[in-house]
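Enquirer: Below you'll find start.txt; it's compact mmCIF, C-alpha atoms and all ligand atoms.
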```txt
# COMPACT_ATOMS: atom_id res chain seq x y z
CA MET A 1 -3.23 -23.15 -13.78
CA LYS A 2 -3.88 -19.59 -12.67
CA VAL A 3 -4.79 -17.00 -15.26
CA ALA A 4 -5.98 -14.45 -12.73
CA GLN A 5 -5.42 -10.73 -13.07
CA GLU A 6 -3.26 -10.69 -9.98
CA GLY A 7 -1.86 -7.50 -8.47
CA PRO A 8 -2.94 -4.05 -9.60
CA SER A 9 -5.17 -5.26 -12.44
CA ALA A 10 -7.55 -7.05 -10.09
CA ILE A 11 -10.46 -4.73 -9.33
CA VAL A 12 -11.84 -3.31 -6.11
CA ILE A 13 -15.64 -3.15 -6.33
CA ALA A 14 -17.38 -0.70 -4.00
CA HIS A 15 -20.33 -2.75 -2.71
CA ARG A 16 -23.30 -0.32 -2.81
CA GLY A 17 -20.64 2.44 -2.76
CA ALA A 18 -18.46 2.95 0.31
CA SER A 19 -21.32 1.46 2.34
CA GLY A 20 -19.13 0.71 5.36
CA TYR A 21 -18.94 4.45 5.99
CA VAL A 22 -22.28 5.93 4.89
CA PRO A 23 -25.64 4.42 3.87
CA GLY A 24 -25.24 2.42 0.67
CA HIS A 25 -26.78 3.32 -2.67
CA THR A 26 -26.56 7.05 -1.95
CA ILE A 27 -24.73 9.82 -3.75
CA GLU A 28 -22.55 10.15 -0.67
CA ALA A 29 -21.59 6.46 -0.72
CA TYR A 30 -20.68 6.43 -4.41
CA THR A 31 -18.76 9.71 -4.30
CA LEU A 32 -16.74 8.52 -1.30
CA ALA A 33 -16.03 5.18 -3.02
CA TYR A 34 -14.73 7.00 -6.08
CA ASN A 35 -12.51 9.22 -3.95
CA GLN A 36 -11.20 6.16 -2.08
CA GLY A 37 -9.99 4.67 -5.35
CA ALA A 38 -12.63 2.04 -6.11
CA ASP A 39 -12.31 0.64 -9.63
CA PHE A 40 -16.01 -0.23 -9.99
CA LEU A 41 -19.16 1.07 -8.26
CA GLU A 42 -21.97 -1.39 -7.55
CA PRO A 43 -25.64 -0.46 -7.60
CA ASP A 44 -28.31 -3.08 -6.94
CA LEU A 45 -31.39 -2.22 -9.00
CA VAL A 46 -35.14 -2.58 -8.51
CA MET A 47 -37.95 -1.02 -10.54
CA SER A 48 -40.56 1.57 -9.70
CA LYS A 49 -44.25 1.26 -10.60
CA ASP A 50 -43.69 3.54 -13.60
CA GLY A 51 -40.78 1.49 -14.90
CA ALA A 52 -37.74 3.44 -13.69
CA LEU A 53 -34.69 1.59 -12.40
CA VAL A 54 -33.89 2.58 -8.81
CA CYS A 55 -30.72 1.88 -6.81
CA SER A 56 -31.74 -0.34 -3.89
CA HIS A 57 -30.81 -3.73 -2.48
CA ASP A 58 -34.22 -4.22 -0.90
CA LEU A 59 -37.56 -4.56 -2.67
CA THR A 60 -39.17 -2.56 0.15
CA VAL A 61 -38.38 0.84 1.62
CA THR A 62 -39.86 0.94 5.08
CA ARG A 63 -36.75 0.46 7.20
CA ARG A 64 -34.84 3.63 8.21
CA SER A 65 -37.21 5.88 6.27
CA ASN A 66 -40.25 8.11 6.47
CA ALA A 67 -42.01 6.10 3.72
CA ALA A 68 -44.76 4.71 5.97
CA ARG A 69 -45.61 8.25 7.10
CA LEU A 70 -45.67 9.54 3.53
CA TYR A 71 -47.65 6.62 2.06
CA PRO A 72 -49.66 4.99 4.87
CA ASP A 73 -52.17 3.45 2.45
CA LEU A 74 -49.40 1.40 0.82
CA VAL A 75 -48.12 -0.29 3.97
CA ASP A 76 -48.76 -4.03 3.60
CA ASP A 77 -49.55 -6.71 6.21
CA GLN A 78 -45.86 -7.06 7.06
CA GLY A 79 -45.53 -3.32 7.64
CA ASN A 80 -43.61 -2.80 4.40
CA ILE A 81 -44.00 -0.64 1.34
CA LYS A 82 -42.86 -2.20 -1.93
CA LEU A 83 -40.78 0.03 -4.17
CA MET A 84 -42.62 -1.38 -7.19
CA ASP A 85 -45.85 0.07 -5.74
CA LEU A 86 -44.39 3.60 -5.86
CA GLU A 87 -43.76 5.93 -8.79
CA LEU A 88 -40.23 7.26 -9.17
CA SER A 89 -41.25 10.75 -8.00
CA GLU A 90 -42.73 9.22 -4.85
CA ILE A 91 -39.53 7.25 -4.21
CA GLN A 92 -37.46 10.38 -4.67
CA ALA A 93 -39.50 12.15 -1.98
CA ILE A 94 -38.49 9.59 0.66
CA GLU A 95 -35.84 10.42 3.28
CA ILE A 96 -33.69 7.67 4.75
CA THR A 97 -31.23 7.69 7.63
CA ASP A 98 -28.26 5.58 8.63
CA ASP A 99 -28.70 2.49 10.84
CA GLU A 100 -28.62 4.66 13.98
CA GLY A 101 -31.38 6.92 12.64
CA ARG A 102 -28.94 9.76 11.91
CA GLY A 103 -28.59 11.92 8.84
CA SER A 104 -30.83 12.50 5.87
CA TYR A 105 -30.20 10.70 2.60
CA ARG A 106 -32.14 9.98 -0.59
CA LEU A 107 -32.54 6.92 -2.74
CA MET A 108 -31.13 7.40 -6.23
CA SER A 109 -32.64 6.53 -9.56
CA PHE A 110 -30.32 4.61 -11.87
CA GLN A 111 -30.31 7.68 -14.12
CA GLU A 112 -29.04 9.81 -11.23
CA PHE A 113 -26.37 7.18 -10.58
CA LEU A 114 -25.29 7.26 -14.24
CA ASP A 115 -25.24 11.07 -14.19
CA LEU A 116 -23.03 10.99 -11.10
CA VAL A 117 -20.63 8.51 -12.71
CA GLN A 118 -20.42 10.74 -15.75
CA ARG A 119 -19.59 13.76 -13.56
CA LEU A 120 -16.97 11.83 -11.60
CA ASN A 121 -15.34 10.51 -14.76
CA ALA A 122 -15.39 13.91 -16.44
CA GLY A 123 -13.92 15.82 -13.53
CA LYS A 124 -10.88 13.69 -12.70
CA ASN A 125 -8.21 11.80 -14.57
CA ARG A 126 -9.48 8.42 -13.49
CA MET A 127 -12.37 6.50 -15.06
CA VAL A 128 -14.45 4.37 -12.69
CA GLY A 129 -16.42 1.36 -13.92
CA ILE A 130 -19.91 0.23 -12.91
CA ILE A 131 -21.32 -3.20 -12.10
CA PRO A 132 -25.12 -3.01 -11.77
CA GLU A 133 -27.06 -5.98 -10.38
CA LEU A 134 -30.70 -6.64 -11.26
CA LYS A 135 -32.60 -7.66 -8.12
CA ALA A 136 -35.47 -10.14 -8.56
CA PRO A 137 -35.86 -9.64 -12.31
CA GLY A 138 -38.23 -12.64 -12.56
CA LEU A 139 -40.57 -11.15 -9.95
CA HIS A 140 -40.47 -7.76 -11.66
CA ARG A 141 -41.21 -9.39 -15.02
CA ALA A 142 -44.21 -11.20 -13.51
CA GLN A 143 -45.50 -7.79 -12.36
CA GLY A 144 -45.20 -6.39 -15.87
CA LEU A 145 -41.87 -4.68 -15.18
CA PRO A 146 -39.16 -6.33 -17.32
CA MET A 147 -35.76 -4.98 -16.37
CA GLU A 148 -33.17 -6.29 -18.82
CA ALA A 149 -33.92 -4.20 -21.93
CA LYS A 150 -34.36 -1.08 -19.78
CA LEU A 151 -30.98 -1.60 -18.14
CA LEU A 152 -29.20 -1.90 -21.49
CA ALA A 153 -31.09 1.06 -22.98
CA ARG A 154 -30.12 3.33 -20.08
CA LEU A 155 -26.47 2.27 -20.30
CA LEU A 156 -26.25 2.81 -24.04
CA GLU A 157 -28.08 6.17 -23.87
CA ALA A 158 -25.55 7.27 -21.24
CA GLY A 159 -22.68 6.47 -23.60
CA HIS A 160 -21.35 3.37 -21.85
CA GLY A 161 -21.24 1.54 -25.18
CA ASP A 162 -18.12 3.61 -25.90
CA HIS A 163 -16.36 2.03 -22.91
CA PRO A 164 -17.73 -1.52 -22.57
CA GLU A 165 -14.65 -2.50 -20.54
CA LEU A 166 -15.98 -0.24 -17.77
CA VAL A 167 -19.31 -2.05 -17.40
CA ILE A 168 -20.08 -5.50 -15.96
CA LEU A 169 -23.65 -6.75 -15.53
CA GLN A 170 -24.46 -9.13 -12.69
CA GLY A 171 -27.40 -11.00 -11.21
CA PHE A 172 -28.42 -14.10 -9.29
CA GLU A 173 -31.05 -15.33 -11.75
CA GLN A 174 -29.80 -17.51 -14.59
CA GLU A 175 -32.79 -16.82 -16.82
CA SER A 176 -32.28 -13.09 -16.58
CA MET A 177 -28.56 -13.39 -17.34
CA ARG A 178 -29.32 -15.58 -20.36
CA ARG A 179 -31.89 -13.03 -21.46
CA LEU A 180 -29.30 -10.24 -21.25
CA GLY A 181 -26.81 -12.23 -23.29
CA GLU A 182 -28.92 -14.10 -25.82
CA GLU A 183 -32.11 -12.06 -26.26
CA GLN A 184 -30.67 -8.58 -25.62
CA ALA A 185 -27.17 -9.23 -27.04
CA SER A 186 -25.50 -7.35 -24.21
CA PRO A 187 -22.25 -5.70 -25.32
CA PHE A 188 -21.14 -5.86 -21.69
CA PRO A 189 -19.72 -8.91 -19.87
CA LEU A 190 -22.09 -10.92 -17.69
CA VAL A 191 -21.35 -12.20 -14.19
CA LEU A 192 -23.61 -14.70 -12.44
CA CYS A 193 -23.82 -14.30 -8.65
CA LEU A 194 -23.60 -17.60 -6.77
CA GLY A 195 -24.09 -18.79 -3.20
CA LYS A 196 -21.95 -20.44 -0.54
CA ASN A 197 -22.26 -23.98 -1.85
CA THR A 198 -21.03 -23.37 -5.38
CA THR A 199 -18.95 -26.23 -6.75
CA PRO A 200 -16.70 -26.38 -9.81
CA GLU A 201 -19.33 -28.62 -11.48
CA ASP A 202 -21.84 -25.78 -11.30
CA LEU A 203 -19.66 -23.68 -13.56
CA ILE A 204 -19.78 -25.59 -16.82
CA SER A 205 -23.22 -24.39 -17.90
CA VAL A 206 -22.51 -20.89 -16.56
CA ALA A 207 -19.58 -20.57 -18.96
CA GLU A 208 -22.01 -20.98 -21.88
CA TYR A 209 -23.54 -17.55 -21.30
CA CYS A 210 -21.44 -15.66 -18.74
CA GLN A 211 -17.92 -14.30 -18.64
CA GLY A 212 -17.56 -14.39 -14.87
CA ILE A 213 -18.96 -15.45 -11.51
CA ALA A 214 -19.50 -13.63 -8.21
CA PRO A 215 -19.46 -16.41 -5.61
CA HIS A 216 -19.91 -16.02 -1.89
CA ARG A 217 -16.39 -15.74 -0.47
CA SER A 218 -16.83 -18.96 1.53
CA ALA A 219 -17.06 -20.93 -1.73
CA ILE A 220 -13.35 -20.10 -2.11
CA GLU A 221 -12.05 -20.23 1.47
CA ASP A 222 -13.73 -21.97 4.41
CA PRO A 223 -14.27 -19.29 7.07
CA GLU A 224 -13.72 -21.80 9.91
CA THR A 225 -10.75 -23.85 8.73
CA GLY A 226 -9.17 -21.59 6.09
CA ALA A 227 -9.18 -24.52 3.64
CA THR A 228 -9.38 -23.42 0.02
CA THR A 229 -11.37 -24.95 -2.80
CA ASP A 230 -10.54 -25.39 -6.49
CA LEU A 231 -13.28 -22.99 -7.54
CA ILE A 232 -10.99 -20.22 -8.85
CA ASP A 233 -8.77 -22.57 -10.87
CA GLU A 234 -11.81 -24.33 -12.33
CA ALA A 235 -13.48 -21.04 -13.21
CA HIS A 236 -10.34 -19.69 -14.84
CA GLN A 237 -9.93 -22.86 -16.87
CA LEU A 238 -13.44 -22.21 -18.22
CA GLY A 239 -12.52 -18.60 -19.02
CA LEU A 240 -14.63 -17.19 -16.19
CA ARG A 241 -13.40 -14.28 -14.07
CA VAL A 242 -14.05 -14.52 -10.33
CA PHE A 243 -15.32 -11.70 -8.06
CA PRO A 244 -16.22 -12.94 -4.53
CA TYR A 245 -18.48 -11.00 -2.16
CA THR A 246 -18.55 -9.34 0.42
CA PHE A 247 -15.63 -8.05 2.53
CA LEU A 248 -15.86 -5.64 5.45
CA ASP A 249 -12.82 -3.81 6.90
CA GLU A 250 -10.73 -6.98 6.63
CA GLU A 251 -7.48 -5.97 5.01
CA GLU A 252 -5.67 -9.23 5.73
CA SER A 253 -8.50 -11.34 4.31
CA MET A 254 -8.69 -9.25 1.16
CA ARG A 255 -4.90 -9.44 0.77
CA ARG A 256 -5.19 -13.24 0.88
CA TYR A 257 -7.95 -13.36 -1.72
CA PHE A 258 -6.08 -11.00 -4.04
CA HIS A 259 -2.58 -12.40 -3.73
CA ASN A 260 -2.88 -16.01 -2.56
CA HIS A 261 -6.14 -17.08 -4.13
CA GLY A 262 -5.82 -14.94 -7.27
CA VAL A 263 -9.28 -13.42 -7.57
CA ASP A 264 -9.98 -11.03 -10.44
CA GLY A 265 -11.61 -8.58 -8.05
CA LEU A 266 -13.79 -8.49 -4.96
CA PHE A 267 -16.75 -6.67 -3.45
CA THR A 268 -16.10 -4.65 -0.32
CA ASP A 269 -17.96 -2.10 1.81
CA PHE A 270 -14.58 -0.47 2.51
CA PRO A 271 -12.98 0.36 -0.87
CA ASP A 272 -10.03 2.22 0.67
CA ILE A 273 -9.05 -0.88 2.62
CA GLY A 274 -9.59 -3.05 -0.46
CA VAL A 275 -7.23 -0.84 -2.49
CA SER A 276 -4.62 -1.02 0.27
CA ALA A 277 -4.92 -4.83 0.44
CA ARG A 278 -4.48 -5.15 -3.31
CA ASP A 279 -1.63 -2.66 -3.63
CA ASN A 280 0.38 -3.89 -0.62
CA PRO A 281 0.87 -7.67 -1.05
O1 LIG B 301 -23.68 -8.73 -6.07
C1 LIG B 301 -22.71 -9.29 -5.25
C2 LIG B 301 -23.18 -9.08 -3.86
O2 LIG B 301 -23.49 -7.74 -3.73
C3 LIG B 301 -24.38 -9.94 -3.61
O3 LIG B 301 -24.90 -9.68 -2.39
O4 LIG B 301 -27.04 -9.27 -1.34
O5 LIG B 301 -25.25 -7.57 -1.23
O6 LIG B 301 -26.48 -7.94 -3.34
P1 LIG B 301 -25.98 -8.54 -2.07
CA CA B 302 -25.29 -6.82 -5.07
```
Do you think you could lay out the structure here as structure tokens?
Ligand code: G3P
Ligand code: CA
Expert:
Amino acid sequence: MKVAQEGPSAIVIAHRGASGYVPGHTIEAYTLAYNQGADFLEPDLVMSKDGALVCSHDLTVTRRSNAARLYPDLVDDQGNIKLMDLELSEIQAIEITDDEGRGSYRLMSFQEFLDLVQRLNAGKNRMVGIIPELKAPGLHRAQGLPMEAKLLARLLEAGHGDHPELVILQGFEQESMRRLGEEQASPFPLVLCLGKNTTPEDLISVAEYCQGIAPHRSAIEDPETGATTDLIDEAHQLGLRVFPYTFLDEEESMRRYFHNHGVDGLFTDFPDIGVSARDNP
């Protein structure tokens, strides 16, 4: 039985913004994603030494940046600088480039991301949602940097409690997701991110504390044979929404996931192509 939000109600999630076009997690990537029609913007989040949430997929900031030149004393044995070893003001002073070493971009704090979303939603007739992901919350907690309460506080301060349907919280760590739901009483739905080998049996305990899953796309459709699994049907029967990751500029693939498989949304680096795939069955 399919209870998917097929067609226009399934959401296009801009993975790190329109990160297929410009470096992800930047103001440029999120603004472009909004203008391309993304329904939700995704920031991954890490934490600075002084406890600010920062938009970044990686826990380190050495690649494609001038960080090692700015903070040579903080470069570790692997040649990396950990974001949790830097204060927010130090992070904001870093310049990054694209993969070819071109351009000049800045990392964003989560507060700057929320301010941008507020400006985008105020200036146009369309409201965009957000789907933040906590990266390595257990590691941060062990370093004295708990993330869950801070995430909820920032969201509520920014007024997102007035539109809980426009926020989804996600993460790979079950303990952190449980903490958000049970300890922090999140008013926003929770989505557990899962890997390639997710089976329907894995979902039963997830449904106790989450409202959705974000599986690797290959847990739904085998990339070699095209064979499909029962994961979506099983998830829907448990009341879980399904948001697979991550799609590049693959319109035909996204069309299949939206209209044949019946996903509730998907993550893509190319939101404009995702919108076209969804709106043109
Ligand atoms: O959060 C869904 C997807 O973004 C997970 O992959 O590694 O890009 O955060 P990653
Ligand atoms: Ca992510």
Enquirer: Kindly work out which residues sit at most 8 Å from ligand LIG 301 (chain B), using only C-alpha atoms and all ligand atoms, and give the list as a ChimeraX atom specification.
Expert: /A:15-16,42,44,57,133,135,170-172,193,214-216,244-246,267
Enquirer: Choose the residue, out of A:Phe258, A:Tyr105, A:Phe243, A:Phe113, that has the smallest atom-to-atom separation from ligand CA 302 (chain B); count all atoms listed in the file.
Expert: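 The answer is A:Phe243, which sits nearest to ligand CA 302 (chain B).
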Enquirer: Given the choices A:Ile273, A:Ala52, A:Leu203, A:Glu208, which gets closest to Val242 (chain A) if the distance is worked out from only C-alpha atoms?
Expert: A:Leu203
Enquirer: So, with all atoms listed in the file as the atoms that count, which of A:Leu194, A:Leu53, A:Arg126, A:Asp162 lies closest to ligand CA 302 (chain B)?
Expert: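 When distances to ligand CA 302 (chain B) are compared using all atoms listed in the file, the smallest one comes from A:Leu194.
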Enquirer: Please measure the separation of CA of Leu192 (chain A) and CA of Ser176 (chain A), giving the value in Å to one decimal.
Expert: 9.7 Å
Enquirer: Restricting the calculation to only C-alpha atoms, which member of A:Cys210, A:Met147, A:Ala33, A:Val54 is positioned closest to Tyr21 (chain A)?
Expert: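 Of A:Cys210, A:Met147, A:Ala33, A:Val54, the one nearest Tyr21 (chain A), counting only C-alpha atoms, is A:Ala33.
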Enquirer: Can you find the residues with an atom no farther than 10 Å from (-16.9, -29.3, -13.0), counting only C-alpha atoms, and report them as a list in words?
Expert: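 So the residues meeting the distance criterion are Thr199, Pro200, Glu201, Asp202, Leu203, Ile204, Ser205, Asp230, Leu231, Glu234, Ala235 and Leu238 of chain A.
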Enquirer: Could you pull region 237-249 of chain A out of the block above and save it with N, CA, C and O atoms, as a CSV table (one decimal), in the first residue's frame?
Expert:
```
chain,number,residue,atom,x,y,z
A,237,GLN,N,4.0,2.0,5.7
A,237,GLN,CA,3.1,1.2,6.6
A,237,GLN,C,3.4,1.5,8.1
A,237,GLN,O,2.5,1.4,8.9
A,238,LEU,N,4.6,1.9,8.4
A,238,LEU,CA,4.9,2.3,9.8
A,238,LEU,C,4.7,3.8,10.0
A,238,LEU,O,5.0,4.3,11.1
A,239,GLY,N,4.2,4.5,9.0
A,239,GLY,CA,4.0,5.9,9.2
A,239,GLY,C,5.2,6.8,9.0
A,239,GLY,O,5.2,7.9,9.4
A,240,LEU,N,6.2,6.2,8.4
A,240,LEU,CA,7.5,7.0,8.2
A,240,LEU,C,7.5,7.5,6.8
A,240,LEU,O,7.3,6.8,5.8
A,241,ARG,N,7.9,8.8,6.7
A,241,ARG,CA,8.1,9.4,5.3
A,241,ARG,C,9.5,9.0,4.9
A,241,ARG,O,10.4,8.7,5.7
A,242,VAL,N,9.7,9.1,3.6
A,242,VAL,CA,11.0,8.6,3.0
A,242,VAL,C,11.6,9.6,2.1
A,242,VAL,O,11.0,10.1,1.1
A,243,PHE,N,12.9,10.0,2.4
A,243,PHE,CA,13.6,11.1,1.7
A,243,PHE,C,15.0,10.5,1.3
A,243,PHE,O,16.0,10.8,2.0
A,244,PRO,N,15.2,9.8,0.2
A,244,PRO,CA,16.5,9.3,-0.2
A,244,PRO,C,17.5,10.4,-0.6
A,244,PRO,O,17.1,11.5,-1.0
A,245,TYR,N,18.8,10.1,-0.4
A,245,TYR,CA,19.9,11.0,-0.8
A,245,TYR,C,20.8,10.2,-1.7
A,245,TYR,O,20.8,9.0,-1.6
A,246,THR,N,21.7,10.8,-2.4
A,246,THR,CA,21.7,12.2,-2.9
A,246,THR,C,21.7,12.1,-4.5
A,246,THR,O,22.5,11.3,-5.0
A,247,PHE,N,21.0,13.0,-5.1
A,247,PHE,CA,20.9,12.9,-6.6
A,247,PHE,C,21.7,14.1,-7.2
A,247,PHE,O,21.6,15.2,-6.7
A,248,LEU,N,22.4,13.8,-8.3
A,248,LEU,CA,23.1,14.8,-9.0
A,248,LEU,C,22.2,15.3,-10.1
A,248,LEU,O,21.0,15.4,-9.9
A,249,ASP,N,22.7,15.7,-11.3
A,249,ASP,CA,21.9,16.2,-12.4
A,249,ASP,C,21.3,15.0,-13.2
A,249,ASP,O,21.6,14.8,-14.3
```
